[in-house]
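Here the structure is laid out as structure tokens; the discussion comes afterwards.
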Protein chains: 4
Amino acid sequence: MAGSSFGQVFRIATFGESHGGAVGVVVDGCPPGLEISLDEIQAELDRRRPGQSKITTARAETDRAEILSGVFEGKSLGTPICILVRNQDARGSDYEPFKDIYRPSHADYTYDAKYGRRAWAGGGRSSARETIGRVAAGAIARRILRERAGVEIVAWVSRVQEIEAAVDPLAVTLEAVESNIVRCPDAAVAERMIERIAAVKAEGDSIGGTVDVVARGVPVGLGEPVFDKLEADLGKAMLSLPASKSFEIGSGLAGTYLRGSEHNDEFILKEDRIGTATNRSGGVQGGISNGEPILLRVGFKPVATILQKQMTVNARGERVELMPRGRHDPCVLPRAVPMVEAMMALVLCDHLLRQQAVR
Amino acid sequence: MAGSSFGQVFRIATFGESHGGAVGVVVDGCPPGLEISLDEIQAELDRRRPGQSKITTARAETDRAEILSGVFEGKSLGTPICILVRNQDARGSDYEPFKDIYRPSHADYTYDAKYGRRAWAGGGRSSARETIGRVAAGAIARRILRERAGVEIVAWVSRVQEIEAAVDPLAVTLEAVESNIVRCPDAAVAERMIERIAAVKAEGDSIGGTVDVVARGVPVGLGEPVFDKLEADLGKAMLSLPASKSFEIGSGLAGTYLRGSEHNDEFILKEDRIGTATNRSGGVQGGISNGEPILLRVGFKPVATILQKQMTVNARGERVELMPRGRHDPCVLPRAVPMVEAMMALVLCDHLLRQQAVR
Amino acid sequence: MAGSSFGQVFRIATFGESHGGAVGVVVDGCPPGLEISLDEIQAELDRRRPGQSKITTARAETDRAEILSGVFEGKSLGTPICILVRNQDARGSDYEPFKDIYRPSHADYTYDAKYGRRAWAGGGRSSARETIGRVAAGAIARRILRERAGVEIVAWVSRVQEIEAAVDPLAVTLEAVESNIVRCPDAAVAERMIERIAAVKAEGDSIGGTVDVVARGVPVGLGEPVFDKLEADLGKAMLSLPASKSFEIGSGLAGTYLRGSEHNDEFILKEDRIGTATNRSGGVQGGISNGEPILLRVGFKPVATILQKQMTVNARGERVELMPRGRHDPCVLPRAVPMVEAMMALVLCDHLLRQQAVR
Amino acid sequence: MAGSSFGQVFRIATFGESHGGAVGVVVDGCPPGLEISLDEIQAELDRRRPGQSKITTARAETDRAEILSGVFEGKSLGTPICILVRNQDARGSDYEPFKDIYRPSHADYTYDAKYGRRAWAGGGRSSARETIGRVAAGAIARRILRERAGVEIVAWVSRVQEIEAAVDPLAVTLEAVESNIVRCPDAAVAERMIERIAAVKAEGDSIGGTVDVVARGVPVGLGEPVFDKLEADLGKAMLSLPASKSFEIGSGLAGTYLRGSEHNDEFILKEDRIGTATNRSGGVQGGISNGEPILLRVGFKPVATILQKQMTVNARGERVELMPRGRHDPCVLPRAVPMVEAMMALVLCDHLLRQQAVR
């Protein structure tokens, strides 16, 4: 009932607050005999950790992962895998002055209203630190997808405010994405994005944009109509990420302006398989993968934390002025890239295993 | 594992193919003592049924609902409520010539690939007829929301291709929505939408657009972080509807162009409660409702069925020409309005009851 | 949350009250391409229907099943299968005089207390009629088990009060079970059981006993430690049957009197596979099937409805005398046999498919 | 799908192998604002830990619990609570010689067959160490039950082989249970039980018996027909415990020998509430609690590990002689008492919260 678990066969349960003892995840349903590489998991965590570049928050966390169960002699046992990351940089006291102030567009007020209390330091459970567990589990899911089905997942920053990149989803590589700190494979545009983010950061402000993600090599037949359609579960996965506000698949919003005669994807024979000449469907038809690349776009709002004076109210409903201190991410997008990849992997891996069950 | 059920406390399971014996739903988890009105349910089904106007398909179905269980002396028992609608206009033979042809952007191919077979008449399980069960269950969910929390849900067609309506989500009424056949409360724009749809229909083509929906009076505290955030479950619900391609909450995609200083919703005291001066969050913060109206936008692609010649392949992978006959919806939007309202009601009702559990 | 669904991959949801419009089941997760035989389903329903012999209730119901969805051209589609049985013999008025009287050891009081209301005619949802849906779904599960794994399930009445049968679980056949109306394959003992039941019926009283069930040919590896151990799910399944009070697996209660040196099952090589010389484990070790026959025993209390004067209270807490009229089962055991087989089939089928998922 | 989580609203997920890094549990769905006492949790763990008396295994583990999340300023946040216990006494090497030998009536063979591998040291996931997570979570569940509903749970060893205790379930106290090392409140019988266990231990053998448990003060209305009946979920909970072989509720097996006229519980008015004169129903009618004490009996087989020579086969199917070394529990019963109490608490707490949801 409580909402901290995700997936049905490949099922993860995350736990932890940003300034508590630790954050982590328990993965239940990982097939046995899978090689589990702590380095591989750590590499993904390093991509999402704070303090990795001048355009991310200065909060310094090494985020070292530890595997506590489910792995024996380097391979999965088929039993629950618990992965733990201790919280180090617990400067919770920074938040003391603001503990009863509701920061605009943060979860402070709604958590208080729902639970009657909250871990006020650093956003507690609503902090993006919670995604550490998702990214760690996502690394395992990616290996399953790669080894069992040859699936390849790549995400990138496609737009920062109005600065838009031109990227070919069929060709884009992880290397190209990682070639710059904003994680946009369009080098020229990436420069402008970085400048924009730096400028906004200097003003203590924040900005948003979009992340695109592609999954190539997805087998035909993943997705469980009518409610667990692949796009429905992918949408839920992405919209469960902090700061996400929109989701599009395939032609997305642009496709809603077209006519059917312009939008339909003609079926053709591709060497050994049936495919489509175009891919406005984004790799999913009737809620089921059709073998074409799965293309998604996720919109992220500007980060709520800004280093500017704002008016708000406190827990007693009194009007107060808020002037935050310290460290923040001016733009969530670069660190959102590994999160989006992880959620894509978690959904596809879960559906890959679900499809085995109903065969 | 199979995906035909939705919700956790207020849980529905739909069943039925478009040309099988019947379609329907089982609602498990409806609180006891609720007045169940067959007329109320039928009224919602009438809003989604085909053949209701000149801009919808001519397929004539009366879609009469029958309640088989869970209700005694007019009130819910707290046991499963089964609602059945028999299929009448089963002109399945119309589809005989196309039974092994994969219609572009339909689910024919993916169903065949996933299941190894399909009910080829009228799309079978992938037909929008499946939503009858959702709409029937949604009518019950709406009554629970209305009686227990005073929640009011209204959806409308906000855009047809580029024809966009101007509607105040705080004031829009069901009456205004129902005042014309396109279900757009902006009368002048509605006329143009109707003309456009009629023109496109005359050409045997189809078009898409967007449906907006608002839920007013939603109590604070609904939504279960971190995966069952309210926007995540709402996104999944909407993206499980046939032909949906995009989802936005609050400021949505437009909000991703703004700065944090422009986007943040200032907290203020509203008579007796804490509220926000603006509502770019769309009534949800940190995945939990904040008491402001919940605002969503769902994008629908143009209907895949068009009465024009198309090239495709058949089950043997042979290139064939497809020239559909008969009846189709040139635009799904008017009939999608009650579906979108139903999905909003199902998610909110489920979370209302879930919130009772963890109190 | 509400408890009318069972299973995870092969998932069933039953609905219906004893004197409402209908009872039935929706099966979600049946693999596609399975031949679905209405006759096969009906045959199982005929084994559990009332009025089949002189030692069962005289309530006459033909219990004709109708398949409404999920089947096309005689085979399963992989979509939800809804099976419906209309209630015919709805002599609800018989119960009118007792509608506010709490019958001893019935569910009248607890349903009223939990739901604030109940369908008082014939026990409503608490009636054994609800098991019609289980038995219908069980028939499908049995076919999957038979076709995919060669699993064979046979249950029989092993004891009526102190009258105990001697049956070899390795050799017992359905034919032997069906050879007499009490469903005990030990012919001599069966006679005594029938006499006892008839005598007790004549006195307007009721009796209980035990049903044994064996599943032969169960593949190794079914069961999901640590909570969904095979015996745990089997125990839940059996204890969810009306009137069941006890559950034993393998050596069961008798085994708790032995020493480890007497109880342990020695592993030996059986032609091509590893097996055990004895089977006190009942075919399950560590919660996982080991390839030996699964042996269970379920205890059923005497039926609560007796045609004798009893003291009780009514809804207002007033002491009243209850003198039931009409028809009742003096002993639930003969009709419980197909129910026990159905629950065994549902659990094994679900775990067979679950095991496919985590491979 | 994988089976390491239990419960629906108050949901726990356990993880860990006996000789891995740690064992633990994540509790999702604990209501916020509950005082969480590490001492209270530790006290329960101390009751189940090895090495606590001369009649339990000598394996010395302090089993210190650590709370990593979900608690802030001593109270639950409503977010997942992760409790961790590091494995200290990891003498895995003891098992090296037996790593490819299948110990009779252990889970070695079935784990290998199901997963293709296993953590062979100390039984890995199949070790009773897994129950540490259950007992820790059970301590939280007990507090919720006590604070919200005044529920009191007491379990005790009711029989060791044929040595049976006479205990009044209405009066028995935790103190009486803890007054001796075998956890049998019948002092005289307890002495004989202890002698028997000591004697059997001296012979390197093991024995079983039964544990009884009572829950007093359970509110009316808990349990969700028709599959999640209270006795069904309780049965599953108990049968998921290592070495359990039988389950009885109320009159249990003995009740199946009675007539309805002897077995029915007459309803009477008890001061302010409706109750029953007798309690053969064991506090549950129609799957729903009726306000009377819930009475269960769980049978445990003799421990599979014995220090005697046994014949078995190894992973290659070769016949081998097994002569275990070292430490073992001659009788699981004394340590099973806190486990049984924990499972009772987990089921009742989950249903208490579930009942809130459907109100």
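Simple scheme: letters A, B, ... for chains in structure tokens order, numbers from 1 for residues in each chain, numbers from 1 for ligands in the order shown.
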#### Entry: Shell of 10 Å around stretch 47-51 of chain B, only C-alpha atoms, local chain residues under 2 positions omitted, as a PyMOL selection string
chain B and resi 42-45+53-63+128-129+131-132+135+178+327-329+334-339
How close does each residue of chain C get to chain A, giving the shortest atom pair and distance in Å to one decimal for every residue with an atom at most 10 Å away, counting only C-alpha atoms, sorted by chain and residue number, as a tab-separated table?
```
residue	atom	partner	partner_atom	distance
C:Met1	CA	A:Met1	CA	8.4
C:Gln8	CA	A:Gln8	CA	9.2
C:Val9	CA	A:Ala357	CA	6.9
C:Phe10	CA	A:Val358	CA	8.2
C:Asp28	CA	A:Val358	CA	9.9
C:Gly29	CA	A:Val358	CA	6.2
C:Cys30	CA	A:Val358	CA	6.9
C:Pro31	CA	A:Val358	CA	5.2
C:Pro32	CA	A:Arg359	CA	7.4
C:Gly33	CA	A:Arg359	CA	9.6
C:Gly78	CA	A:Val358	CA	7.9
C:Thr79	CA	A:Pro225	CA	8.4
C:Glu224	CA	A:Thr79	CA	9.5
C:Pro225	CA	A:Thr79	CA	8.4
C:Val226	CA	A:Thr79	CA	9.2
C:Asp350	CA	A:Ala357	CA	9.4
C:His351	CA	A:Ala357	CA	9.7
C:Leu352	CA	A:Ala357	CA	8.6
C:Leu353	CA	A:Ala357	CA	5.0
C:Arg354	CA	A:Ala357	CA	5.8
C:Gln355	CA	A:Ala357	CA	7.4
C:Gln356	CA	A:Ala357	CA	5.0
C:Ala357	CA	A:Ala357	CA	4.3
C:Val358	CA	A:Pro31	CA	5.1
C:Arg359	CA	A:Pro31	CA	5.7
```
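Using only C-alpha atoms, the nearest neighbour of D:Asp272 within the list C:Ala22, C:Phe6, C:Gly317, C:Ala254 is C:Gly317.
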Could you give me, as a Markdown table, a per-residue list for stretch 258-358 of chain B showing, wherever an atom lies at most 12 Å from an atom of stretch 92-103 of chain A, the closest pair of atoms and their distance in Å to one decimal, using only C-alpha atoms and sorting by chain then residue number from low to high?
```
| residue | atom | partner | partner_atom | distance |
| --- | --- | --- | --- | --- |
| B:Asn264 | CA | A:Arg103 | CA | 9.3 |
| B:Asp265 | CA | A:Arg103 | CA | 9.4 |
| B:Glu266 | CA | A:Arg103 | CA | 8.4 |
| B:Phe267 | CA | A:Tyr102 | CA | 7.5 |
| B:Ile268 | CA | A:Tyr102 | CA | 10.2 |
| B:Leu269 | CA | A:Tyr102 | CA | 11.9 |
| B:Ile274 | CA | A:Tyr102 | CA | 10.1 |
| B:Gly275 | CA | A:Tyr102 | CA | 11.0 |
| B:Thr276 | CA | A:Tyr102 | CA | 11.0 |
| B:Gln285 | CA | A:Arg103 | CA | 11.1 |
| B:Gly286 | CA | A:Arg103 | CA | 11.8 |
```
### Message
Taking 2 positions as the minimum chain separation for residues in the same chain, which residues sit within 8 Å of A:Val182 when counting only C-alpha atoms? Answer as a ChimeraX atom specification.
### Response
/A:55,157,180,184,190,193-194,333-334
Just write the chosen residues, N, CA, C and O atoms, as a PDB file, in the first residue's frame.
```
ATOM      1  N   ILE A  55      28.457  22.353 -12.556  1.00  0.00           N
ATOM      2  CA  ILE A  55      27.041  22.707 -12.726  1.00  0.00           C
ATOM      3  C   ILE A  55      26.114  21.839 -11.878  1.00  0.00           C
ATOM      4  O   ILE A  55      24.906  21.805 -12.091  1.00  0.00           O
ATOM      5  N   VAL A 157      20.422  14.729 -22.184  1.00  0.00           N
ATOM      6  CA  VAL A 157      19.716  16.000 -22.025  1.00  0.00           C
ATOM      7  C   VAL A 157      19.390  16.521 -23.412  1.00  0.00           C
ATOM      8  O   VAL A 157      20.299  16.834 -24.194  1.00  0.00           O
ATOM      9  N   ASN A 180      30.520  15.281 -22.096  1.00  0.00           N
ATOM     10  CA  ASN A 180      30.508  16.613 -21.471  1.00  0.00           C
ATOM     11  C   ASN A 180      29.659  16.593 -20.207  1.00  0.00           C
ATOM     12  O   ASN A 180      28.869  15.666 -19.993  1.00  0.00           O
ATOM     13  N   CYS A 184      24.819  16.110 -22.866  1.00  0.00           N
ATOM     14  CA  CYS A 184      24.129  16.316 -24.136  1.00  0.00           C
ATOM     15  C   CYS A 184      25.098  15.948 -25.253  1.00  0.00           C
ATOM     16  O   CYS A 184      26.159  16.553 -25.381  1.00  0.00           O
ATOM     17  N   ALA A 190      25.658  21.541 -26.285  1.00  0.00           N
ATOM     18  CA  ALA A 190      26.045  21.263 -24.903  1.00  0.00           C
ATOM     19  C   ALA A 190      26.768  22.472 -24.302  1.00  0.00           C
ATOM     20  O   ALA A 190      26.496  22.872 -23.165  1.00  0.00           O
ATOM     21  N   MET A 193      24.312  25.023 -23.357  1.00  0.00           N
ATOM     22  CA  MET A 193      23.552  24.577 -22.184  1.00  0.00           C
ATOM     23  C   MET A 193      24.363  24.812 -20.910  1.00  0.00           C
ATOM     24  O   MET A 193      23.849  25.326 -19.909  1.00  0.00           O
ATOM     25  N   ILE A 194      25.634  24.448 -20.961  1.00  0.00           N
ATOM     26  CA  ILE A 194      26.500  24.601 -19.785  1.00  0.00           C
ATOM     27  C   ILE A 194      26.612  26.071 -19.393  1.00  0.00           C
ATOM     28  O   ILE A 194      26.477  26.453 -18.230  1.00  0.00           O
ATOM     29  N   LEU A 333      18.820  18.251 -14.716  1.00  0.00           N
ATOM     30  CA  LEU A 333      18.898  17.400 -15.907  1.00  0.00           C
ATOM     31  C   LEU A 333      20.136  16.509 -15.998  1.00  0.00           C
ATOM     32  O   LEU A 333      19.998  15.299 -16.233  1.00  0.00           O
ATOM     33  N   PRO A 334      21.356  17.048 -15.826  1.00  0.00           N
ATOM     34  CA  PRO A 334      22.522  16.166 -16.005  1.00  0.00           C
ATOM     35  C   PRO A 334      22.498  14.946 -15.079  1.00  0.00           C
ATOM     36  O   PRO A 334      22.810  13.832 -15.499  1.00  0.00           O
TER      37      PRO A 334
END
```
